[in-house]
Every structure is written in C-alpha cells, then in structure tokens.
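Here is the file upload07.txt (compact mmCIF, C-alpha atoms).
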# COMPACT_ATOMS: atom_id res chain seq x y z
CA MET P 6 88.81 201.85 59.90
CA ARG P 7 87.07 198.65 58.80
CA ILE P 8 88.97 195.34 58.55
CA SER P 9 87.48 192.55 56.45
CA ALA P 10 86.63 189.20 58.01
CA GLY P 11 88.94 187.51 55.49
CA LEU P 12 91.96 189.47 56.65
CA VAL P 13 91.17 188.64 60.27
CA PHE P 14 90.95 184.94 59.41
CA ILE P 15 94.28 185.02 57.56
CA ALA P 16 95.93 186.85 60.46
CA LEU P 17 94.66 184.24 62.91
CA LEU P 18 95.96 181.39 60.73
CA LEU P 19 99.38 183.02 60.43
CA ALA P 20 99.55 183.55 64.20
CA SER P 21 98.57 179.93 64.76
CA CYS P 22 101.17 178.69 62.32
CA LYS P 23 103.84 180.81 63.95
CA SER P 24 102.81 179.34 67.28
CA ALA P 25 103.31 175.76 66.06
CA GLN P 26 106.65 176.69 64.46
CA LYS P 27 107.79 178.39 67.64
CA HIS P 28 106.97 175.27 69.68
CA TYR P 29 108.96 173.19 67.21
CA LYS P 30 111.90 175.57 67.30
CA ASP P 31 111.83 175.50 71.12
CA GLY P 32 112.00 171.71 71.09
CA ASN P 33 108.44 171.31 72.42
CA TYR P 34 107.44 168.79 69.80
CA ASP P 35 104.31 167.62 71.57
CA LYS P 36 102.81 171.12 71.54
CA ALA P 37 104.06 171.71 67.98
CA TYR P 38 102.36 168.50 66.82
CA ASN P 39 99.05 169.26 68.52
CA SER P 40 99.06 172.87 67.36
CA ALA P 41 99.73 171.89 63.75
CA LEU P 42 97.06 169.17 63.92
CA LYS P 43 94.57 171.66 65.29
CA ASP P 44 95.31 174.03 62.37
CA ILE P 45 94.83 171.27 59.82
CA LYS P 46 91.51 170.19 61.33
CA LYS P 47 90.37 173.80 61.07
CA GLY P 48 91.04 173.69 57.32
CA LYS P 49 94.64 174.87 56.97
CA LYS P 50 96.02 171.96 54.95
CA ASP P 51 98.87 173.65 53.12
CA ARG P 52 102.14 171.80 52.54
CA LYS P 53 104.05 173.81 55.16
CA THR P 54 101.61 172.91 57.96
CA ARG P 55 101.49 169.23 56.88
CA SER P 56 105.28 169.16 56.84
CA LEU P 57 105.41 170.67 60.33
CA LEU P 58 102.96 168.01 61.54
CA ASP P 59 105.15 165.21 60.07
CA ARG P 60 108.40 166.64 61.40
CA SER P 61 106.92 167.14 64.88
CA PHE P 62 105.63 163.57 65.04
CA ASP P 63 108.92 162.22 63.72
CA LYS P 64 110.65 163.91 66.66
CA LEU P 65 108.09 162.46 69.06
CA LEU P 66 108.69 158.99 67.65
CA TYR P 67 112.46 159.38 67.83
CA ASN P 68 112.33 160.58 71.42
CA ASN P 69 110.01 157.72 72.32
CA ARG P 70 112.37 155.12 70.83
CA SER P 71 115.36 156.68 72.60
CA GLU P 72 113.65 156.94 75.98
CA ILE P 73 111.91 153.60 75.98
CA SER P 74 114.96 151.46 75.16
CA SER P 75 116.35 151.82 78.69
CA TYR P 76 113.11 150.46 80.20
CA LEU P 77 112.50 147.41 78.02
CA ASN P 78 115.25 145.09 79.26
CA THR P 79 115.15 145.53 83.04
CA ASN P 80 112.38 142.97 83.71
CA GLN P 81 111.13 145.35 86.39
CA ILE P 82 107.36 145.68 86.34
CA GLU P 83 107.56 149.39 87.19
CA ASP P 84 109.81 149.98 84.13
CA MET P 85 107.49 147.98 81.91
CA GLU P 86 104.55 150.07 83.10
CA PHE P 87 106.40 153.30 82.37
CA ALA P 88 107.34 152.08 78.88
CA TYR P 89 103.74 151.01 78.28
CA GLN P 90 102.49 154.47 79.26
CA LEU P 91 104.97 156.17 76.92
CA ASN P 92 103.90 153.98 74.02
CA ASP P 93 100.22 154.33 74.85
CA GLN P 94 100.50 158.13 74.80
CA LEU P 95 102.37 158.07 71.48
CA LEU P 96 99.76 155.75 69.94
CA ALA P 97 96.96 158.05 71.10
CA GLU P 98 98.63 161.04 69.42
CA TYR P 99 99.29 159.00 66.28
CA ASN P 100 95.68 157.83 66.01
CA GLU P 101 94.50 161.40 66.52
CA GLY P 102 96.46 162.63 63.49
CA LYS P 103 96.83 159.46 61.42
CA LEU P 104 94.54 160.76 58.69
CA TYR P 105 96.92 163.67 58.04
CA LEU P 106 100.32 162.06 58.69
CA ASP P 107 102.61 160.66 56.03
CA ASP P 108 102.01 156.98 55.27
CA ASP P 109 105.67 156.25 56.03
CA PHE P 110 104.76 156.29 59.74
CA ASP P 111 102.37 153.34 59.39
CA ASP P 112 104.98 150.57 59.53
CA LYS P 113 106.89 152.23 62.35
CA MET P 114 103.76 152.65 64.41
CA ASP P 115 102.74 149.04 63.76
CA VAL P 116 105.97 148.09 65.53
CA VAL P 117 105.10 150.39 68.44
CA SER P 118 101.60 148.94 68.59
CA ARG P 119 102.84 145.31 68.72
CA GLU P 120 105.46 146.29 71.29
CA THR P 121 102.77 147.98 73.41
CA GLU P 122 100.56 144.90 73.30
CA ASP P 123 103.50 142.71 74.30
CA LEU P 124 104.25 145.08 77.18
CA ARG P 125 100.65 144.95 78.32
CA ASN P 126 100.62 141.15 78.27
CA SER P 127 103.90 141.01 80.20
CA ILE P 128 102.61 143.46 82.78
CA VAL P 129 99.38 141.52 83.24
CA THR P 130 101.26 138.22 83.55
CA ASN P 131 103.70 139.64 86.09
CA TYR P 132 100.94 141.16 88.17
CA LEU P 133 98.91 137.95 88.08
CA ASP P 134 101.93 135.99 89.29
CA LEU P 135 102.37 138.51 92.11
CA ALA P 136 98.68 138.32 93.04
CA ASP P 137 98.77 134.51 93.05
CA MET P 138 101.82 134.63 95.31
CA GLN P 139 100.04 136.96 97.73
CA MET P 140 96.96 134.73 97.82
CA GLU P 141 99.19 131.72 98.48
CA ILE P 142 100.68 133.57 101.45
CA TYR P 143 97.16 134.24 102.71
CA GLN P 144 96.10 130.63 102.32
CA GLN P 145 99.16 129.37 104.17
CA SER P 146 99.25 131.91 107.00
CA GLY P 147 95.88 133.66 107.02
CA ASP P 148 97.63 136.99 106.40
CA LYS P 149 94.81 139.31 105.39
CA LEU P 150 97.23 142.04 104.35
CA ALA P 151 98.58 139.73 101.66
CA ALA P 152 95.03 139.15 100.40
CA GLN P 153 94.53 142.92 100.29
CA GLU P 154 97.62 143.25 98.08
CA ALA P 155 96.17 140.63 95.73
CA CYS P 156 92.88 142.54 95.59
CA ILE P 157 94.64 145.84 94.83
CA ILE P 158 96.51 144.16 91.99
CA ALA P 159 93.32 142.64 90.54
CA ASN P 160 91.58 146.02 90.71
CA LYS P 161 94.55 147.65 88.94
CA LEU P 162 94.40 145.12 86.11
CA ILE P 163 90.67 145.73 85.66
CA LYS P 164 90.89 149.53 85.71
CA ASP P 165 94.28 150.27 84.15
CA TYR P 166 94.62 147.42 81.68
CA ASP P 167 90.98 146.65 80.89
CA GLU P 168 91.48 143.05 81.97
CA ASN P 169 87.85 142.06 82.42
CA THR P 170 88.11 138.29 82.29
CA GLU P 171 86.05 136.13 84.60
CA ALA P 172 89.23 134.86 86.26
CA ILE P 173 90.35 138.39 87.17
CA HIS P 174 86.95 139.30 88.57
CA ASN P 175 86.87 136.08 90.59
CA LEU P 176 90.34 136.88 91.94
CA TYR P 177 89.16 140.37 92.87
CA GLN P 178 86.09 139.14 94.74
CA ALA P 179 87.90 136.31 96.52
CA SER P 180 90.83 138.46 97.60
CA LYS P 181 88.56 141.30 98.72
CA GLU P 182 86.53 138.95 100.91
CA ALA P 183 89.67 137.31 102.28
CA GLY P 184 91.37 140.63 102.98
CA THR P 185 88.46 142.36 104.71
CA LEU P 186 89.13 143.13 108.37
CA VAL P 187 86.16 142.82 110.72
CA ILE P 188 86.06 145.48 113.43
CA MET P 189 83.56 144.38 116.09
CA VAL P 190 82.11 147.12 118.30
CA LEU P 191 80.52 145.72 121.46
CA THR P 192 78.71 147.78 124.10
CA ASN P 193 77.98 146.97 127.71
CA ALA P 194 75.69 149.26 129.73
CA ARG P 195 72.81 149.40 132.17
CA TYR P 196 69.57 148.12 130.68
CA ASP P 197 67.92 151.55 130.93
CA TYR P 198 70.70 153.09 128.81
CA ASN P 199 70.76 150.41 126.13
CA ARG P 200 68.06 151.74 123.83
CA GLU P 201 69.61 155.18 123.42
CA ILE P 202 73.14 153.75 123.19
CA ASP P 203 72.09 151.31 120.45
CA ARG P 204 70.32 154.05 118.53
CA GLU P 205 73.44 156.23 118.49
CA PHE P 206 76.29 153.72 118.34
CA SER P 207 74.76 151.48 115.67
CA ARG P 208 75.65 154.29 113.24
CA ILE P 209 79.28 153.18 113.51
CA THR P 210 78.61 150.58 110.79
CA ARG P 211 78.64 153.48 108.32
CA GLU P 212 82.42 153.59 108.76
CA SER P 213 82.75 150.36 106.75
CA GLU P 214 84.83 150.73 103.59
CA GLN P 215 87.07 148.65 101.35
CA PHE P 216 88.86 146.01 103.43
CA LEU P 217 87.03 147.19 106.55
CA ASP P 218 83.73 145.81 107.80
CA VAL P 219 82.51 147.51 110.98
CA VAL P 220 79.96 145.39 112.86
CA TYR P 221 77.92 146.54 115.84
CA ASN P 222 77.17 144.09 118.67
CA GLY P 223 77.82 141.01 116.55
CA ASN P 224 79.55 137.75 117.38
CA ALA P 225 82.87 138.61 119.02
CA ARG P 226 84.52 135.47 117.64
CA GLU P 227 84.05 136.81 114.10
CA GLY P 228 86.03 140.00 114.76
CA ASP P 229 89.66 140.54 113.84
CA CYS P 230 89.65 143.50 116.18
CA ILE P 231 87.19 143.95 119.03
CA LEU P 232 86.39 147.29 120.64
CA ASN P 233 84.66 146.62 123.95
CA ILE P 234 82.85 149.74 125.20
CA ASP P 235 81.98 149.59 128.88
CA PHE P 236 79.53 152.28 129.97
CA ARG P 237 79.85 152.72 133.70
CA ASN P 238 77.07 154.24 135.79
CA ILE P 239 76.59 157.97 135.54
CA VAL P 240 77.70 159.73 138.71
CA GLU P 241 75.67 162.74 139.84
CA TYR P 242 76.94 165.57 142.03
CA VAL P 243 74.23 167.85 143.42
CA ARG P 244 74.77 171.26 145.05
CA ASP P 245 71.89 173.34 146.40
CA ASN P 246 71.88 177.08 147.02
CA GLN P 247 68.88 178.75 148.64
CA ARG P 248 67.72 182.31 148.80
CA THR P 249 64.49 183.93 149.98
CA GLU P 250 62.50 186.57 148.13
CA ASN P 251 59.79 188.62 149.92
CA PHE P 252 57.02 190.32 147.97
CA THR P 253 54.28 192.83 148.90
CA GLU P 254 51.29 193.92 146.87
CA GLU P 255 48.48 196.37 147.48
CA ILE P 256 45.16 194.78 146.67
CA GLU P 257 41.59 196.04 146.63
CA ASP P 258 39.84 194.69 149.73
CA GLY P 259 36.26 195.89 149.56
CA TYR P 260 34.94 199.45 149.44
CA ASP P 261 33.40 202.23 151.53
CA ILE P 262 30.28 204.18 150.54
CA GLU P 263 30.35 207.93 150.82
CA ARG P 264 28.20 210.78 149.54
CA ASP P 265 29.57 213.41 147.28
CA THR P 266 28.63 217.12 147.47
CA SER P 267 25.48 216.53 145.47
CA GLY P 268 24.32 213.84 147.88
CA ARG P 269 24.91 210.85 145.57
CA GLU P 270 26.43 207.64 146.96
CA VAL P 271 29.98 206.91 145.75
CA ARG P 272 31.99 203.68 146.21
CA ILE P 273 35.49 204.34 147.47
CA PRO P 274 37.90 201.28 147.06
CA ARG P 275 39.54 200.09 150.20
CA TYR P 276 43.16 198.75 149.85
CA ARG P 277 45.37 196.66 152.01
CA THR P 278 48.87 195.27 151.74
CA VAL P 279 49.45 191.49 151.40
CA ARG P 280 52.74 189.71 151.81
CA GLY P 281 54.20 186.51 150.36
CA GLU P 282 57.49 184.69 150.50
CA VAL P 283 59.32 182.43 148.03
CA VAL P 284 62.21 180.19 149.03
CA ILE P 285 64.18 179.57 145.83
CA THR P 286 66.34 176.47 145.68
CA GLU P 287 68.91 176.61 142.90
CA ARG P 288 70.03 173.04 142.29
CA ALA P 289 73.18 172.53 140.20
CA THR P 290 73.58 168.93 139.05
CA GLN P 291 76.78 167.69 137.42
CA TYR P 292 76.67 164.40 135.54
CA ASP P 293 80.00 162.58 135.06
CA TRP P 294 80.28 159.49 132.88
CA THR P 295 83.42 157.42 132.41
CA ILE P 296 83.36 155.08 129.43
CA ASN P 297 86.15 152.53 129.01
CA VAL P 298 87.16 151.19 125.61
CA LEU P 299 89.16 147.95 125.80
CA VAL P 300 90.82 146.67 122.63
CA ASP P 301 91.24 142.99 121.88
CA GLY P 302 92.39 141.27 118.71
CA TYR P 303 95.31 140.41 116.45
CA ARG P 304 98.01 143.03 116.83
CA GLU P 305 98.77 143.26 113.09
CA TYR P 306 95.11 144.09 112.37
CA CYS P 307 94.26 145.95 115.54
CA ASP P 308 96.50 148.96 115.89
CA TYR P 309 94.31 150.65 118.51
CA ARG P 310 94.87 151.61 122.14
CA ASN P 311 92.66 151.35 125.19
CA ARG P 312 91.03 154.65 126.03
CA ASN P 313 88.84 156.31 128.64
CA ILE P 314 86.15 158.61 127.34
CA ASN P 315 85.01 161.12 129.94
CA ILE P 316 81.76 163.01 129.45
CA SER P 317 80.46 165.76 131.76
CA GLU P 318 77.25 167.75 131.67
CA SER P 319 75.89 170.36 134.08
CA VAL P 320 72.30 171.48 134.53
CA VAL P 321 70.96 174.19 136.87
CA ARG P 322 67.31 173.97 137.89
CA GLU P 323 65.22 176.16 140.20
CA TYR P 324 62.53 174.98 142.61
CA TYR P 325 60.10 177.28 144.48
CA ASP P 326 58.54 176.93 147.94
CA ILE P 327 55.75 179.51 148.37
CA SER P 328 54.22 180.76 151.60
CA GLY P 329 52.02 183.67 152.63
CA ASP P 330 49.44 185.31 150.40
CA THR P 331 49.95 184.08 146.83
CA ARG P 332 48.41 187.31 145.49
CA ALA P 333 51.67 189.07 146.37
CA ILE P 334 53.84 186.58 144.49
CA PRO P 335 54.71 187.12 140.78
CA ASP P 336 53.25 184.67 138.27
CA ARG P 337 56.63 183.18 137.31
CA TYR P 338 56.84 181.47 140.71
CA GLN P 339 53.26 180.25 140.80
CA THR P 340 53.72 177.03 138.82
CA ARG P 341 56.02 175.62 141.52
CA ASN P 342 57.76 173.67 138.70
CA GLN P 343 61.20 174.00 137.24
CA ASN P 344 61.71 176.01 134.09
CA SER P 345 60.38 174.01 131.13
CA THR P 346 63.32 175.14 128.97
CA ILE P 347 65.81 173.27 131.18
CA ARG P 348 66.77 169.80 129.94
CA ASN P 349 65.33 166.87 131.79
CA GLU P 350 67.41 163.82 132.71
CA ASP P 351 66.45 161.88 129.57
CA GLU P 352 67.58 164.77 127.38
CA VAL P 353 70.85 165.06 129.29
CA LEU P 354 71.45 161.33 128.79
CA GLU P 355 70.83 161.65 125.04
CA ASP P 356 73.31 164.53 124.80
CA MET P 357 75.96 162.60 126.73
CA ILE P 358 75.56 159.50 124.57
CA GLU P 359 75.88 161.64 121.43
CA GLN P 360 79.10 163.19 122.77
CA ALA P 361 80.45 159.75 123.69
CA TYR P 362 79.76 158.47 120.17
CA ASP P 363 81.45 161.47 118.55
CA GLN P 364 84.57 160.99 120.67
CA PHE P 365 84.65 157.24 120.07
CA ARG P 366 84.30 157.71 116.31
CA ARG P 367 86.99 160.41 116.27
CA TYR P 368 89.44 158.27 118.28
CA TYR P 369 89.01 155.01 116.35
CA PHE P 370 87.78 155.89 112.87

Translate this file's structure into structure tokens.
Amino acid sequence: MRISAGLVFIALLLASCKSAQKHYKDGNYDKAYNSALKDIKKGKKDRKTRSLLDRSFDKLLYNNRSEISSYLNTNQIEDMEFAYQLNDQLLAEYNEGKLYLDDDFDDKMDVVSRETEDLRNSIVTNYLDLADMQMEIYQQSGDKLAAQEACIIANKLIKDYDENTEAIHNLYQASKEAGTLVIMVLTNARYDYNREIDREFSRITRESEQFLDVVYNGNAREGDCILNIDFRNIVEYVRDNQRTENFTEEIEDGYDIERDTSGREVRIPRYRTVRGEVVITERATQYDWTINVLVDGYREYCDYRNRNINISESVVREYYDISGDTRAIPDRYQTRNQNSTIRNEDEVLEDMIEQAYDQFRRYYF
C-alpha cells in the first residue's frame, strides 16, 4: 500500500502538535513553548499553534514572576545571581520566539529586561566591593589567600557577566600576581649526581598552575614554601657467589698417513682431548638511596610534611676467570666481560633518579 508524502507530512505535524499540547497539559510549559516554536519555524503557523505558543510563554512569565519575587529583596548576592539567571533564561526564550509571540508581551518583557540589567549591575557592584575588601586584607596582612579570592571574583565578573573593563582586568592581573604561591624546590647532592638530578627534577616546574608557581633551584628567600631535597650518598651492598665449570673438547691434533688397499696414501686425523676451567663469579649489587625532603615555609601556604624517599635497585653481573686450554671453553665465556645487556652504574643511577622524581612528584604535587 502506498502512502503519499503529503499524508506523512500532515501526520508528523499532528503528532508534533499533540506533543506540544501534551507538554502544556502536563504543566511542562518550557517544553510546550519550545515544541510549539519549533513547529512554527517549520511552517506550521496556524492559529492553534500560535495560541499554544502564547499560552505556554504566558505561563513561563507568570512562574518567573512568582519565583523571582522571593529572591529580589534579600540583598544576598547568591539570591541576586539566582534571580539574574532565571531572568536571563526567560529573556533568551523570549528573544528566540519574539517574532511569533503576541505583541502584548513586549511591555512585560521590557520590565524583565530592565530588572535583569539592574540585577547584573548590583551583582557586579557587590562583587567588586567584596574583591576590594579582599585586596585590602592582602595589603594589610600579606594574606595571599585573600588575594586569590579577589582574583576568582574578577575572573567570574569577566566570564559570567562580560565585565571587560580595564579596571576589572587590572584587578584580575594584580590579584593573580599577589595571590600566587611560590613553591621553591631546592636540591643538594654530590657533584657527580647533579647533572642527572637537574635534568630530571627541573621538570617539576611543569606543575605550575593558577596561584602556584613552582621554581627549581631558585632563590630560597623568594619562596612561600621551600622543599629542600637532600640526596645522601648511595650505599652499595655487594655479595659474591662463585662456582666452577669444567669443559672438555676433542680437537684435531695432526694426522697420520696410512696406505689403503690400493696402495694410495691416506691422511687419518689424530684427535686429543683438551680441558679448560671457568671460575664464574656472580656479583649481586644492591644500591640503596635515602633522600630526605625537608619542608620550610609559612604554615598557611605550606601544608606539606617532611618525608624520606627510599630507592633500591639490584643488579646481578657475572665475571669469568679462565684457565686451561681456551679451545675447550664455550665462546660465551671468552670475552671475559660482563653481559652487555646488564645495566652499568650510570644507567642504574639514571633509573634511581627517575624513581625518586616520580615519588617526589606524587607526594607533593
């Protein structure tokens, strides 16, 4: 059975209309309004749909006026913000459908618009007074947390209330600079460790963020909180185990000449057994490193604790002492050197410094 495109379109419009009416009947006026507006924009501009749009918005306006009245006279900035948000949402919906709404709403929404602007101005004024008070606290006491509050307020006014005046931006920059805490990370180690430690630990400056400036090996007097990292000497524990391996090998050691049955000369190889010995020393080395972190600074900015970071690494190497006839000894022992795949001491040091940095970063940042 074939159904014409026109009938499908009519069916869709009827379903959409019923949807808007159902939302209205259920008391969901916001969905009813948006559904009716969507239908009208698609071309369904009959009187019934326009009436549903007007009635839905009238309910939205009534509910707004009823809800907002309890927030306008408290003089609490949080209530003013909530009222502003309610009005701002209503104005957005009104502007979206203004072209299709009854003109009777224009005067009522002018009142809402003026009220919203007054709310915005009151909110901005109140927040500016609060920010100025916080900056005054900072100037009198040096309290960086108060400056941070002022910066947060300035940022809120710029982002939420589009307050982009030069004065607000100056307040933001000044309060951000004043409220930034300087975390100074200082390292103390043997000179032969310093290069690798600096290479790894200088990455800690990447932890800087708003109100936090992490400085590596700077001037200690400039830090609000100082993390002194004392790298003690690495302690090595060595344990040797020895075992002996004996090897034999038959080797060709000249030849004898004989005659075969036809009288021709034939070379017959002559073999003898050679012996060799390998003394294998298995040396297990354990490296232990204790790193002390001592915290110094203003308690209100420096909520850290002293810590000990303990790093351990173990490496097993083999050394070979060869005697006897080397022709009996397998090639793997012939180099007399330790296995090239085993880490050397420089590589162990790098690994330990990397572990120390990871633990330090995890503990403090």

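Residue nearest Arg55 (chain P) within the list P:Arg226, P:Arg237, P:Lys103, P:Arg310: P:Lys103 [criterion: smallest interatomic distance, only C-alpha atoms].
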
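Using all atoms listed in the file, the nearest neighbour of Thr278 (chain P) within the list P:Ile314, P:Asn39, P:Ile327, P:Arg332 is P:Arg332.
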
Tell me, as a ChimeraX atom specification, which residues lie within 12 Å of Ile256 (chain P), counting all atoms listed in the file; anything in the same chain fewer than 5 positions away does not count.
/P:274-280,330-333

List the neighbours of Ile157 (chain P) out to 12 Å using all atoms listed in the file; skip same-chain residues closer than 2 positions along the sequence, and give me the result as a PyMOL selection string.
chain P and resi 132-133+135-136+139-140+150-155+159-165+173-174+176-181+184+215-216

So how far away is CA of Ile285 (chain P) from CA of Asn246 (chain P), in Å?
8.2 Å
